[in-house]
$ cat model-v7.txt   # compact mmCIF, C-alpha atoms and all ligand atoms
# COMPACT_ATOMS: atom_id res chain seq x y z
CA MET A 23 25.19 -41.95 -102.41
CA LYS A 24 25.74 -42.08 -98.61
CA LYS A 25 29.09 -43.79 -99.25
CA CYS A 26 30.30 -40.74 -101.14
CA VAL A 27 29.63 -38.19 -98.38
CA LEU A 28 32.85 -38.66 -96.38
CA PRO A 29 35.15 -38.84 -99.45
CA LEU A 30 33.50 -35.69 -100.83
CA MET A 31 33.90 -33.89 -97.51
CA LEU A 32 37.60 -34.79 -97.43
CA LEU A 33 38.01 -33.65 -101.01
CA ALA A 34 36.36 -30.34 -100.10
CA VAL A 35 38.85 -29.82 -97.23
CA PHE A 36 41.83 -30.47 -99.51
CA GLU A 37 40.38 -28.26 -102.25
CA THR A 38 39.95 -25.45 -99.73
CA VAL A 39 43.64 -25.73 -98.80
CA ALA A 40 44.56 -25.99 -102.51
CA VAL A 41 42.65 -22.89 -103.57
CA THR A 42 43.68 -20.86 -100.51
CA LEU A 43 47.38 -21.56 -101.06
CA TRP A 44 47.08 -21.04 -104.82
CA LEU A 45 45.54 -17.62 -104.36
CA THR A 46 47.62 -16.45 -101.39
CA LYS A 47 50.95 -17.67 -102.79
CA ASP A 48 50.00 -16.95 -106.41
CA ASN A 49 51.35 -20.34 -107.41
CA MET A 50 49.36 -22.90 -109.45
CA PHE A 51 51.51 -25.71 -108.08
CA TYR A 52 49.56 -25.67 -104.80
CA LEU A 53 46.29 -26.12 -106.65
CA PHE A 54 47.66 -29.17 -108.44
CA ASN A 55 49.50 -30.56 -105.41
CA PHE A 56 46.68 -30.48 -102.85
CA SER A 57 44.02 -31.42 -105.44
CA TYR A 58 46.04 -34.52 -106.33
CA ILE A 59 46.56 -35.50 -102.68
CA GLY A 60 42.90 -34.78 -101.88
CA LEU A 61 41.72 -36.95 -104.79
CA SER A 62 44.04 -39.79 -103.73
CA VAL A 63 42.90 -39.70 -100.09
CA SER A 64 39.22 -39.43 -101.05
CA LEU A 65 39.56 -42.36 -103.45
CA GLY A 66 41.17 -44.41 -100.67
CA VAL A 67 38.39 -43.60 -98.19
CA PHE A 68 35.77 -44.42 -100.84
CA LEU A 69 37.45 -47.78 -101.51
CA PHE A 70 37.67 -48.44 -97.76
CA ILE A 71 33.95 -47.76 -97.35
CA ARG A 72 33.36 -50.17 -100.26
CA LYS A 73 35.37 -52.69 -98.21
CA TYR A 74 38.21 -53.00 -100.73
CA ARG A 75 41.02 -54.84 -98.89
CA HIS A 76 43.90 -52.81 -100.26
CA ALA A 77 42.35 -49.35 -100.00
CA ARG A 78 45.05 -48.04 -97.67
CA ARG A 79 47.85 -49.39 -99.84
CA VAL A 80 46.35 -47.65 -102.88
CA VAL A 81 46.52 -44.26 -101.11
CA GLN A 82 50.01 -45.01 -99.76
CA LEU A 83 51.29 -45.71 -103.27
CA LEU A 84 49.49 -42.80 -104.93
CA VAL A 85 50.69 -40.21 -102.41
CA GLY A 86 54.01 -41.80 -101.42
CA LEU A 87 55.28 -42.27 -104.98
CA TYR A 88 54.14 -38.77 -105.94
CA MET A 89 56.10 -37.24 -103.06
CA LEU A 90 59.20 -39.39 -103.42
CA ILE A 91 59.53 -39.47 -107.21
CA TYR A 92 57.81 -36.33 -108.45
CA LEU A 93 58.43 -33.81 -105.66
CA GLY A 94 61.67 -35.28 -104.34
CA LEU A 95 63.56 -36.63 -107.34
CA ILE A 96 62.06 -34.73 -110.29
CA CYS A 97 61.31 -31.33 -108.67
CA ARG A 98 64.35 -31.74 -106.39
CA GLU A 99 62.53 -30.64 -103.23
CA ASN A 100 63.94 -32.11 -100.04
CA MET A 101 60.72 -33.22 -98.32
CA GLN A 102 62.47 -34.94 -95.44
CA ILE A 103 63.01 -33.38 -92.03
CA GLU A 104 66.29 -31.81 -93.22
CA GLY A 105 64.30 -30.00 -95.92
CA PHE A 106 61.95 -28.69 -93.26
CA TRP A 107 64.84 -27.27 -91.21
CA TYR A 108 66.41 -25.87 -94.36
CA TYR A 109 63.35 -23.91 -95.48
CA LEU A 110 62.66 -22.88 -91.91
CA PHE A 111 66.18 -21.38 -91.55
CA THR A 112 65.91 -19.63 -94.90
CA GLY A 113 62.59 -18.16 -93.71
CA VAL A 114 60.69 -19.48 -96.73
CA PHE A 115 57.20 -20.86 -96.18
CA GLU A 116 57.35 -23.24 -99.15
CA ALA A 117 57.60 -26.91 -100.02
CA ALA A 118 58.77 -28.86 -96.97
CA THR A 119 57.63 -26.24 -94.44
CA ILE A 120 54.07 -26.31 -95.83
CA HIS A 121 54.22 -30.09 -96.04
CA TYR A 122 55.33 -30.35 -92.42
CA ALA A 123 52.81 -27.81 -91.19
CA VAL A 124 49.91 -29.59 -92.92
CA ALA A 125 50.86 -33.27 -92.57
CA LYS A 126 53.03 -33.48 -89.49
CA ILE A 127 52.60 -30.57 -87.11
CA PHE A 128 49.12 -29.02 -87.22
CA GLY A 129 47.27 -31.61 -89.31
CA PRO A 130 47.72 -34.32 -86.64
CA LEU A 131 45.52 -32.23 -84.34
CA ILE A 132 42.69 -33.28 -86.68
CA PHE A 133 43.73 -36.55 -88.35
CA GLY A 134 46.35 -37.86 -85.90
CA ARG A 135 49.01 -39.96 -87.59
CA GLY A 136 47.02 -40.45 -90.77
CA TRP A 137 50.19 -39.39 -92.57
CA CYS A 138 51.96 -42.50 -91.24
CA GLY A 139 49.17 -44.83 -92.30
CA TYR A 140 48.35 -43.42 -95.72
CA ALA A 141 51.05 -41.23 -97.20
CA CYS A 142 54.58 -41.78 -95.90
CA TRP A 143 56.88 -43.03 -98.64
CA THR A 144 59.15 -44.78 -96.14
CA ALA A 145 56.33 -46.84 -94.66
CA MET A 146 54.97 -47.37 -98.18
CA VAL A 147 57.94 -49.69 -98.77
CA LEU A 148 58.22 -51.08 -95.22
CA ASP A 149 54.58 -52.19 -95.29
CA PHE A 150 55.44 -54.63 -98.12
CA LEU A 151 57.70 -56.60 -95.74
CA PRO A 152 56.35 -59.80 -94.19
CA PHE A 153 56.07 -58.72 -90.51
CA LYS A 154 52.74 -56.90 -90.61
CA VAL A 155 51.95 -57.68 -86.98
CA PRO A 156 54.78 -57.43 -84.42
CA SER A 157 55.68 -60.85 -83.08
CA GLN A 158 57.62 -59.55 -80.06
CA PRO A 159 56.72 -57.09 -77.30
CA ARG A 160 57.69 -53.51 -77.98
CA LYS A 161 61.25 -52.57 -76.97
CA ASN A 162 62.15 -49.57 -74.87
CA LEU A 163 64.18 -47.94 -77.64
CA GLY A 164 62.08 -44.90 -78.49
CA TRP A 165 64.86 -42.60 -77.22
CA ILE A 166 66.81 -43.26 -80.45
CA ARG A 167 64.40 -40.98 -82.33
CA TYR A 168 65.71 -37.98 -80.37
CA ILE A 169 69.23 -38.72 -81.61
CA THR A 170 68.14 -38.87 -85.28
CA PHE A 171 66.01 -35.76 -84.75
CA SER A 172 68.97 -33.84 -83.26
CA ALA A 173 71.33 -35.13 -85.96
CA SER A 174 69.06 -33.77 -88.72
CA LEU A 175 68.86 -30.38 -87.02
CA ILE A 176 72.61 -30.19 -86.38
CA PHE A 177 73.38 -31.21 -89.98
CA VAL A 178 71.33 -28.35 -91.46
CA ALA A 179 72.36 -25.80 -88.80
CA ALA A 180 76.04 -26.60 -89.49
CA MET A 181 75.57 -25.78 -93.19
CA PHE A 182 74.28 -22.33 -92.28
CA ILE A 183 76.89 -21.65 -89.58
CA LEU A 184 79.98 -22.72 -91.55
CA PRO A 185 78.70 -21.49 -94.15
CA VAL A 186 78.63 -23.91 -97.07
CA GLY A 187 77.95 -23.03 -100.72
CA ASN A 188 75.65 -24.80 -103.17
CA LEU A 189 73.04 -25.49 -100.51
CA GLU A 190 70.28 -26.49 -102.96
CA ARG A 191 72.49 -29.16 -104.48
CA ILE A 192 73.53 -30.46 -101.04
CA MET A 193 69.89 -30.61 -99.95
CA PHE A 194 68.97 -32.65 -103.03
CA TRP A 195 71.70 -35.19 -102.36
CA ALA A 196 70.83 -35.18 -98.67
CA PHE A 197 67.33 -36.22 -99.73
CA VAL A 198 68.66 -39.07 -101.87
CA VAL A 199 71.15 -40.32 -99.27
CA GLY A 200 68.65 -39.78 -96.43
CA ASN A 201 66.07 -41.95 -98.15
CA VAL A 202 68.57 -44.69 -98.89
CA LEU A 203 69.55 -44.69 -95.19
CA TYR A 204 65.90 -44.71 -94.07
CA TYR A 205 65.04 -47.65 -96.31
CA ALA A 206 68.19 -49.60 -95.39
CA SER A 207 67.76 -49.08 -91.63
CA GLY A 208 63.98 -49.57 -91.84
CA ILE A 209 64.33 -52.91 -93.62
CA ALA A 210 67.15 -54.05 -91.30
CA LEU A 211 65.14 -53.15 -88.18
CA ALA A 212 62.05 -54.88 -89.55
CA TYR A 213 63.99 -58.13 -89.91
CA VAL A 214 65.81 -57.78 -86.58
CA PHE A 215 62.61 -57.12 -84.60
CA ARG A 216 60.29 -59.03 -86.96
CA ASP A 217 58.16 -55.92 -87.14
CA ASN A 218 57.56 -53.86 -90.32
CA ARG A 219 57.04 -50.71 -88.26
CA ALA A 220 60.13 -50.97 -86.03
CA PHE A 221 61.66 -47.95 -87.82
CA CYS A 222 58.55 -45.89 -87.02
CA LYS A 223 58.63 -46.97 -83.38
CA TYR A 224 62.30 -46.42 -82.61
CA LEU A 225 64.15 -44.40 -85.22
CA CYS A 226 61.96 -42.02 -87.18
CA PRO A 227 62.77 -38.39 -86.22
CA VAL A 228 59.43 -37.10 -87.48
CA THR A 229 57.64 -38.80 -84.59
CA VAL A 230 59.09 -36.11 -82.31
CA PHE A 231 56.45 -33.84 -83.92
CA LEU A 232 53.82 -36.44 -84.66
CA ARG A 233 53.41 -38.03 -81.25
CA PRO A 234 52.63 -34.99 -79.08
CA MET A 235 50.38 -33.42 -81.74
CA SER A 236 48.39 -36.58 -82.38
CA TYR A 237 47.70 -36.89 -78.65
CA PHE A 238 44.99 -34.25 -79.23
CA SER A 239 43.71 -35.76 -82.48
CA LEU A 240 40.05 -35.24 -83.29
CA LEU A 241 39.95 -38.42 -85.34
CA ARG A 242 40.39 -41.50 -83.13
CA VAL A 243 39.35 -45.13 -83.08
CA LYS A 244 37.07 -45.63 -80.09
CA CYS A 245 35.69 -48.72 -78.43
CA ASP A 246 32.03 -49.34 -77.62
CA LYS A 247 32.39 -51.02 -74.24
CA ASP A 248 28.88 -52.44 -74.40
CA LYS A 249 29.75 -54.45 -77.49
CA CYS A 250 33.33 -55.42 -76.59
CA ILE A 251 33.85 -58.98 -75.32
CA SER A 252 37.54 -58.44 -74.45
CA CYS A 253 38.71 -61.06 -76.94
CA GLY A 254 41.96 -59.12 -77.54
CA LYS A 255 41.89 -59.54 -81.33
CA CYS A 256 42.25 -55.78 -81.94
CA ARG A 257 45.44 -55.77 -79.92
CA ARG A 258 46.85 -58.78 -81.74
CA VAL A 259 46.37 -57.30 -85.22
CA CYS A 260 47.57 -53.78 -84.39
CA PRO A 261 50.91 -53.00 -86.04
CA MET A 262 51.61 -50.26 -83.48
CA ASN A 263 50.74 -52.06 -80.21
CA VAL A 264 47.91 -49.66 -79.34
CA ASP A 265 45.46 -50.62 -76.60
CA VAL A 266 42.45 -49.45 -78.57
CA THR A 267 39.92 -50.80 -76.06
CA ASP A 268 40.92 -48.00 -73.69
CA ASN A 269 39.13 -44.83 -74.80
CA SER A 270 41.26 -42.40 -72.80
CA ARG A 271 43.86 -40.27 -74.57
CA ARG A 272 46.48 -41.81 -72.30
CA ARG A 273 45.86 -45.32 -73.61
CA GLU A 274 48.93 -47.45 -74.13
CA ASN A 275 50.77 -46.32 -77.27
CA GLY A 276 47.81 -44.08 -78.10
CA THR A 277 49.98 -41.58 -79.97
CA GLU A 278 51.26 -44.39 -82.20
CA CYS A 279 47.92 -45.11 -83.87
CA ILE A 280 48.31 -44.75 -87.64
CA LEU A 281 44.57 -45.15 -88.30
CA CYS A 282 45.18 -48.22 -90.44
CA MET A 283 41.79 -49.64 -89.33
CA GLU A 284 43.09 -53.21 -89.00
CA CYS A 285 41.52 -53.36 -85.52
CA VAL A 286 38.18 -52.11 -86.86
CA LYS A 287 38.20 -54.64 -89.70
CA ASN A 288 39.04 -57.53 -87.38
CA CYS A 289 36.80 -56.83 -84.38
CA PRO A 290 34.27 -59.69 -84.34
CA LYS A 291 31.64 -57.57 -82.55
CA GLY A 292 31.90 -54.35 -84.53
CA ALA A 293 32.83 -52.60 -81.28
CA LEU A 294 35.39 -50.23 -82.81
S1 LIG B 1 56.77 -42.85 -88.20
FE1 LIG B 1 58.09 -41.86 -89.72
S2 LIG B 1 58.66 -43.47 -91.16
FE2 LIG B 1 56.94 -44.21 -89.99
S3 LIG B 1 55.19 -43.70 -91.23
FE3 LIG B 1 55.44 -42.01 -89.78
S4 LIG B 1 56.71 -40.51 -90.82
FE4 LIG B 1 56.87 -42.44 -91.96
S1 LIG B 2 38.44 -57.04 -81.08
FE1 LIG B 2 36.53 -55.99 -80.58
S2 LIG B 2 35.55 -57.30 -79.12
FE2 LIG B 2 37.66 -57.97 -79.21
S3 LIG B 2 38.70 -56.82 -77.56
FE3 LIG B 2 38.89 -55.63 -79.42
S4 LIG B 2 37.16 -54.21 -79.38
FE4 LIG B 2 36.70 -55.84 -77.92
S1 LIG B 3 45.13 -51.35 -85.68
FE1 LIG B 3 43.74 -49.81 -84.89
S2 LIG B 3 44.72 -49.00 -83.05
FE2 LIG B 3 46.29 -50.09 -84.23
S3 LIG B 3 47.22 -48.52 -85.49
FE3 LIG B 3 45.62 -49.45 -86.73
S4 LIG B 3 43.82 -48.14 -86.35
FE4 LIG B 3 45.32 -47.68 -84.75

$ encode --input "model-v7.txt" --output "structure tokens"
Amino acid sequence: MKKCVLPLMLLAVFETVAVTLWLTKDNMFYLFNFSYIGLSVSLGVFLFIRKYRHARRVVQLLVGLYMLIYLGLICRENMQIEGFWYYLFTGVFEAATIHYAVAKIFGPLIFGRGWCGYACWTAMVLDFLPFKVPSQPRKNLGWIRYITFSASLIFVAAMFILPVGNLERIMFWAFVVGNVLYYASGIALAYVFRDNRAFCKYLCPVTVFLRPMSYFSLLRVKCDKDKCISCGKCRRVCPMNVDVTDNSRRRENGTECILCMECVKNCPKGAL
């Protein structure tokens, strides 16, 4: 029964969001949407507690495929960063704006970059590639994300300034083309740097929101210094090059932690 407490607590949080949005926006979709995501995340946490090896991948596939195929391709909602700018400019607090507010802007204050570890449909595919642990030191290329971030903003702003007709249709195709570009560049970068998460580290525009917000995250992996024997295994298995033995918020690559728990699973002393 103890193993069910955390999953049930998480489910309760998602259900609260689901019911609140359903009632305030008078739209049943929110009840379905957040209940589904809550059930997927809770199931994943339950499986993780039961020590099922692929628990994280199960959540990634359940949530990632739902967002990419159902919300993106079937419901034709642009859930990428361009969709966020689009709904923001139209002044509508719907779809991508709610998604960004919950998963990528305010949510990270509580669960850090849990989105990146458990729900992102780009990483869902990249994590199938063979370079699960980076074999080279991290490159100083993080500045590229500011270019992709600015490009997405300029693209949507230009459509409003020009102005262009048929915006909904353009946004749908922007979602399709955007995803193809993300997957193509993500796979290419993974092979060039021999690192599945190279796209996340250097190119992803969403990290411009995620990194500063997750700095304050409530949920963090911490190290029990009394148990740690400084073997360095946690560092070697971390896909994001985080120095998890340092408990300060300024630890090396601290805002890159995706809460994948590889370090926790591999620590020989149970120090994390
Ligand atoms: S950094 Fe970007 S691509 Fe990578 S998991 Fe996070 S949101 Fe997805
Ligand atoms: S794997 Fe565990 S014992 Fe080894 S350095 Fe990391 S926290 Fe310390
Ligand atoms: S291995 Fe540990 S420190 Fe690295 S991303 Fe995963 S949870 Fe974070």

$ residues_near_point --input "model-v7.txt" --point "(56.4, -32.1, -107.5)" --cutoff "12 Å" --atoms "only C-alpha atoms" --output "list in words"
Met50, Phe51, Tyr52, Leu53, Phe54, Asn55, Phe56, Tyr58, Ile59, Val85, Gly86, Leu87, Tyr88, Met89, Leu90, Ile91, Tyr92, Leu93, Gly94, Leu95, Ile96, Cys97, Arg98, Glu99, Asn100, Met101, Ala117, Ala118 and His121 of chain A

$ residues_near_ligand --input "model-v7.txt" --ligand "ligand LIG 3 (chain B)" --cutoff "7 Å" --atoms "all atoms listed in the file" --output "JSON, numbers by chain"
{"A": [243, 256, 259, 260, 261, 262, 263, 264, 265, 266, 278, 279, 280, 281, 282, 283, 284, 285, 286]}

$ residues_near_ligand --input "model-v7.txt" --ligand "ligand LIG 1 (chain B)" --cutoff "7 Å" --atoms "only C-alpha atoms and all ligand atoms" --output "list in words"
Trp137, Cys138, Gly139, Cys142, Trp143, Thr144, Ala145, Arg219, Phe221, Cys222, Lys223, Cys226, Pro227, Val228 and Thr229 of chain A

$ write_last_selection --input "model-v7.txt" --atoms "C-alpha atoms" --output "compact mmCIF listing (two decimals), keeping the file's coordinate frame"
# COMPACT_ATOMS: atom_id res chain seq x y z
CA TRP A 137 50.19 -39.39 -92.57
CA CYS A 138 51.96 -42.50 -91.24
CA GLY A 139 49.17 -44.83 -92.30
CA CYS A 142 54.58 -41.78 -95.90
CA TRP A 143 56.88 -43.03 -98.64
CA THR A 144 59.15 -44.78 -96.14
CA ALA A 145 56.33 -46.84 -94.66
CA ARG A 219 57.04 -50.71 -88.26
CA PHE A 221 61.66 -47.95 -87.82
CA CYS A 222 58.55 -45.89 -87.02
CA LYS A 223 58.63 -46.97 -83.38
CA CYS A 226 61.96 -42.02 -87.18
CA PRO A 227 62.77 -38.39 -86.22
CA VAL A 228 59.43 -37.10 -87.48
CA THR A 229 57.64 -38.80 -84.59

$ atom_distance --input "model-v7.txt" --atom1 "atom CA of A:Ala77" --atom2 "atom CA of A:Ser62"
10.4 Å

$ residues_near_point --input "model-v7.txt" --point "(63.6, -34.8, -88.6)" --cutoff "10 Å" --atoms "only C-alpha atoms" --output "PyMOL selection string"
chain A and resi 102-107+167-175+226-231

$ residues_near_ligand --input "model-v7.txt" --ligand "ligand LIG 2 (chain B)" --cutoff "8 Å" --atoms "only C-alpha atoms and all ligand atoms" --output "NGL selection string"
:A and (245-247 or 249-257 or 266-267 or 285-286 or 288-294)

$ write_last_selection --input "model-v7.txt" --atoms "C-alpha atoms" --output "compact mmCIF listing (two decimals), in the coordinates of the input"
# COMPACT_ATOMS: atom_id res chain seq x y z
CA CYS A 245 35.69 -48.72 -78.43
CA ASP A 246 32.03 -49.34 -77.62
CA LYS A 247 32.39 -51.02 -74.24
CA LYS A 249 29.75 -54.45 -77.49
CA CYS A 250 33.33 -55.42 -76.59
CA ILE A 251 33.85 -58.98 -75.32
CA SER A 252 37.54 -58.44 -74.45
CA CYS A 253 38.71 -61.06 -76.94
CA GLY A 254 41.96 -59.12 -77.54
CA LYS A 255 41.89 -59.54 -81.33
CA CYS A 256 42.25 -55.78 -81.94
CA ARG A 257 45.44 -55.77 -79.92
CA VAL A 266 42.45 -49.45 -78.57
CA THR A 267 39.92 -50.80 -76.06
CA CYS A 285 41.52 -53.36 -85.52
CA VAL A 286 38.18 -52.11 -86.86
CA ASN A 288 39.04 -57.53 -87.38
CA CYS A 289 36.80 -56.83 -84.38
CA PRO A 290 34.27 -59.69 -84.34
CA LYS A 291 31.64 -57.57 -82.55
CA GLY A 292 31.90 -54.35 -84.53
CA ALA A 293 32.83 -52.60 -81.28
CA LEU A 294 35.39 -50.23 -82.81

$ closest_residue --input "model-v7.txt" --among "A:Tyr109, A:Met235, A:Gly276, A:Arg271" --to "A:Glu190" --atoms "all atoms listed in the file"
A:Tyr109

$ closest_residue --input "model-v7.txt" --among "A:Val124, A:Ser57, A:Glu37, A:Leu184" --to "A:Gly136" --atoms "only C-alpha atoms"
A:Val124

$ residues_around --input "model-v7.txt" --residues "stretch 203-209 of chain A" --least-positions-apart "4" --cutoff "8 Å" --atoms "only C-alpha atoms" --output "MDAnalysis selection string"
chainID A and resid 144 147:148 151 199 213 218:221

$ atom_distance --input "model-v7.txt" --atom1 "atom CA of A:Gly164" --atom2 "atom CA of A:Arg233"
11.4 Å

$ atom_distance --input "model-v7.txt" --atom1 "atom CA of A:Ser236" --atom2 "atom CA of A:Ala40"
23.1 Å

$ closest_atom_pairs --input "model-v7.txt" --of "stretch 128-218 of chain A" --to "stretch 81-84 of chain A" --cutoff "7 Å" --atoms "only C-alpha atoms" --output "Markdown table"
| residue | atom | partner | partner_atom | distance |
| --- | --- | --- | --- | --- |
| A:Tyr140 | CA | A:Gln82 | CA | 4.6 |
| A:Ala141 | CA | A:Gln82 | CA | 4.7 |
| A:Cys142 | CA | A:Gln82 | CA | 6.8 |
| A:Met146 | CA | A:Gln82 | CA | 5.7 |

$ closest_residue --input "model-v7.txt" --among "A:Phe128, A:Val178, A:Asp248, A:Glu116" --to "A:Asn49" --atoms "only C-alpha atoms"
A:Glu116

$ axis_aligned_box --input "model-v7.txt" --around "stretch 57-67 of chain A" --padding-each-side "3 Å" --output "JSON"
{"center_x": 42.5, "center_y": -37.9, "center_z": -102.3, "size_x": 14.2, "size_y": 19.0, "size_z": 14.1}

$ closest_residue --input "model-v7.txt" --among "A:Val27, A:Phe133, A:Leu45, A:Phe150" --to "A:His76" --atoms "all atoms listed in the file"
A:Phe150

$ closest_residue --input "model-v7.txt" --among "A:Trp165, A:Phe182, A:Tyr224, A:Phe115" --to "A:Thr46" --atoms "all atoms listed in the file"
A:Phe115

$ residues_around --input "model-v7.txt" --residues "A:Arg216" --least-positions-apart "4" --cutoff "9 Å" --atoms "only C-alpha atoms" --output "list in words"
Pro152, Phe153, Lys154, Val155, Pro156, Ser157, Gln158, Leu211, Ala212 and Ala220 of chain A
